[in-house]
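K.L.:
Let me give you the structure first, and then I'll get to my questions.
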Amino acid sequence: MAPSNNSDQSANDTWKLAGKIYSSRLIVGTGKYKDFEQTAAAVEASGAEIVTVAVRRVNVSDPNQPMLVDYLDPEKITYLPNTAGCFDAASAVRTLRLAREAGGWDLVKLEVLGDQKTLYPNMLETFEAAEVLIKDGFKVMVYCSDDPIAAAKLEDMGCVAIMPLGAPIGSGLGIQNPVQIRLMLEQVKVPLLVDAGVGTASDASVAMELGCDGVLMNTAIADAKDPVKMASAMKLGVESGRLAYLAGRMPKKKYADPSSPLAGLI
């Protein structure tokens, strides 16, 4: 039997989110692109099967204006409404209830921000909103701080995915606290995805090498000089990082270790 190649392994390495199976571990946002055509081209290049939609900013319901659903088929792509721009629990809950009325979506991304400068999550408001939404029948993926205790609490509440920031939203700084992410991975059993802070493909690889189930990004692709090429790079970065994680990296050592054995030298 011929050995499987890398593409075969990637195809067979699926993950489950809220009861549905996905092959791509890359989730991309739909904001900041110059137009819906570029959005669609970047999503296709990324191979993403889930896209986030800022309900307060992207038109998904007014047929008199260009609509995202005309460019990304919701029958083929999972739409993930999010609460970008919400700074309190009440507005986040209201936004997602409106999204459900508009498109029937119950899988949602909750983010409640603390302030305009850092865009860090306000965890008190996040807990409050998550509790209401879960009781309301939503399947909540939640943007949160890189705190293993908070992650465990959100899982216990019933969130379907935990999404700590790698670095501030839109910063492109990469994974700033890998130790914290590892602790969170040990703490929860639901999918854990790095959300925010990725700047380039190597950052996506780092997240996956830590053992994350996936990576979510928007600015890293949309603000690249060539968003479509960067989307392709991110696809490969996520796949290579995942494959490296599955392969198991060599241990780090304090001193050199020769590649060729020294015994038996002439």
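Lettering and numbering for the structure tokens are positional, with chains as A, B, ... in the shown order, residues counted from 1 in each chain, and ligands counted from 1 in the shown order.
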Please provide the set of residues having any atom within 10 Å of stretch 234-247 of chain A, restricted to only C-alpha atoms, with same-chain residues fewer than 6 positions apart removed, written as a ChimeraX atom specification.

P.N.:
/A:6-7,9-10,13,24-28,45-48,198-215,217,220-221,228

K.L.:
Under the rule of at most 9 Å, produce a per-residue listing of stretch 89-110 of chain A near stretch 78-85 of chain A: chain, number, name, the closest pair of atoms, and the distance in Å, as JSON lines, using only C-alpha atoms.

P.N.:
{"residue": "A:Ser91", "atom": "CA", "partner": "A:Thr83", "partner_atom": "CA", "distance": 8.3}
{"residue": "A:Ala92", "atom": "CA", "partner": "A:Thr83", "partner_atom": "CA", "distance": 5.5}
{"residue": "A:Val93", "atom": "CA", "partner": "A:Thr83", "partner_atom": "CA", "distance": 8.4}
{"residue": "A:Thr95", "atom": "CA", "partner": "A:Thr83", "partner_atom": "CA", "distance": 6.5}
{"residue": "A:Leu96", "atom": "CA", "partner": "A:Thr83", "partner_atom": "CA", "distance": 7.0}
{"residue": "A:Ala99", "atom": "CA", "partner": "A:Pro81", "partner_atom": "CA", "distance": 6.8}
{"residue": "A:Arg100", "atom": "CA", "partner": "A:Pro81", "partner_atom": "CA", "distance": 8.7}
{"residue": "A:Trp105", "atom": "CA", "partner": "A:Pro81", "partner_atom": "CA", "distance": 7.4}
{"residue": "A:Asp106", "atom": "CA", "partner": "A:Leu80", "partner_atom": "CA", "distance": 8.6}
{"residue": "A:Leu107", "atom": "CA", "partner": "A:Leu80", "partner_atom": "CA", "distance": 6.2}
{"residue": "A:Val108", "atom": "CA", "partner": "A:Pro81", "partner_atom": "CA", "distance": 5.2}
{"residue": "A:Lys109", "atom": "CA", "partner": "A:Asn82", "partner_atom": "CA", "distance": 4.5}
{"residue": "A:Leu110", "atom": "CA", "partner": "A:Thr83", "partner_atom": "CA", "distance": 5.7}

K.L.:
Keeping only C-alpha atoms, write the selected residues to a file as a short mmCIF file (atom, residue, chain, number, x, y, z; two decimals), in the first residue's frame.

P.N.:
data_model
loop_
_atom_site.label_atom_id
_atom_site.label_comp_id
_atom_site.auth_asym_id
_atom_site.auth_seq_id
_atom_site.Cartn_x
_atom_site.Cartn_y
_atom_site.Cartn_z
CA SER A 91 -25.83 45.22 22.35
CA ALA A 92 -24.09 41.91 21.55
CA VAL A 93 -27.20 39.90 22.41
CA THR A 95 -27.10 42.08 17.39
CA LEU A 96 -27.12 38.29 17.28
CA ALA A 99 -28.85 38.16 12.80
CA ARG A 100 -30.91 35.08 13.57
CA TRP A 105 -28.14 31.62 11.97
CA ASP A 106 -27.67 30.07 15.39
CA LEU A 107 -23.92 29.37 15.23
CA VAL A 108 -22.44 32.73 16.20
CA LYS A 109 -19.24 34.40 17.28
CA LEU A 110 -19.53 36.47 20.43
#

K.L.:
Might you pull out every residue within 7 Å of stretch 140-144 of chain A, with only C-alpha atoms counted and same-chain residues fewer than 6 positions away left off, and present them as a list in words?

P.N.:
Leu107, Val108, Lys109, Leu110, Glu111, Pro121, Met123, Ala130, Ile134, Cys159, Val160, Ala161, Ile162, Met163, Pro164, Leu165 and Asp195 of chain A

K.L.:
Please extract the residues of stretch 25-164 of chain A with a backbone DSSP assignment of strand (DSSP E or B) and present them as an MDAnalysis selection string.

P.N.:
chainID A and resid 26:29 50:54 78:82 107:110 113 121 139:144 161:164

K.L.:
Hey, could you make a per-residue contact list for stretch 15-127 of chain A against stretch 186-194 of chain A with 9 Å as the cut-off, showing the nearest pair of atoms and its distance in Å to one decimal, counting only C-alpha atoms, sorted by chain and number, as CSV?

P.N.:
residue,atom,partner,partner_atom,distance
A:Trp15,CA,A:Pro191,CA,8.4
A:Lys16,CA,A:Pro191,CA,7.9
A:Leu17,CA,A:Pro191,CA,7.1
A:Arg25,CA,A:Leu193,CA,8.8

K.L.:
Any idea what's packed within 8 Å of A:Pro168, counting only C-alpha atoms, ignoring anything in its chain fewer than 6 positions away? Could you give it as a PyMOL selection string?

P.N.:
chain A and resi 118-120+196-197

K.L.:
Go ahead and write the selection's residues with all heavy atoms as a short mmCIF file (atom, residue, chain, number, x, y, z; two decimals), in the first residue's frame.

P.N.:
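selection.cif was written with the following content:
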data_model
loop_
_atom_site.label_atom_id
_atom_site.label_comp_id
_atom_site.auth_asym_id
_atom_site.auth_seq_id
_atom_site.Cartn_x
_atom_site.Cartn_y
_atom_site.Cartn_z
N THR A 118 -7.47 49.04 22.76
CA THR A 118 -6.87 47.71 22.78
C THR A 118 -7.74 46.65 22.09
O THR A 118 -7.23 45.63 21.64
CB THR A 118 -6.62 47.23 24.21
OG1 THR A 118 -7.88 47.03 24.87
CG2 THR A 118 -5.79 48.25 24.99
N LEU A 119 -9.05 46.89 22.05
CA LEU A 119 -10.01 45.91 21.54
C LEU A 119 -9.89 44.56 22.27
O LEU A 119 -10.23 43.52 21.73
CB LEU A 119 -9.87 45.71 20.02
CG LEU A 119 -10.09 46.96 19.16
CD1 LEU A 119 -9.95 46.63 17.69
CD2 LEU A 119 -11.44 47.59 19.45
N TYR A 120 -9.38 44.61 23.50
CA TYR A 120 -9.34 43.41 24.33
C TYR A 120 -10.78 43.06 24.74
O TYR A 120 -11.65 43.94 24.83
CB TYR A 120 -8.50 43.65 25.58
CG TYR A 120 -7.08 43.16 25.46
CD1 TYR A 120 -6.24 43.65 24.46
CD2 TYR A 120 -6.57 42.22 26.33
CE1 TYR A 120 -4.93 43.20 24.34
CE2 TYR A 120 -5.26 41.77 26.23
CZ TYR A 120 -4.45 42.26 25.22
OH TYR A 120 -3.16 41.80 25.11
N ALA A 196 -7.47 36.53 16.32
CA ALA A 196 -6.90 37.88 16.36
C ALA A 196 -5.40 37.86 16.60
O ALA A 196 -4.88 37.07 17.39
CB ALA A 196 -7.57 38.76 17.41
N GLY A 197 -4.71 38.74 15.88
CA GLY A 197 -3.29 38.97 16.08
C GLY A 197 -2.38 38.34 15.06
O GLY A 197 -1.20 38.68 14.98
#

K.L.:
Looking at A:Glu37, A:Glu155, A:Asp88, A:Asp147, which one is nearest to A:Asn177, with distances taken over only C-alpha atoms?

P.N.:
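The answer is A:Asp147, which sits nearest to A:Asn177.
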
K.L.:
Run DSSP on the backbone and grab whatever in stretch 61-233 of chain A lands in helix (DSSP H, G or I); send it over as a PyMOL selection string.

P.N.:
chain A and resi 68-70+89-103+123-135+148-157+178-187+201-209+219-222+227-233
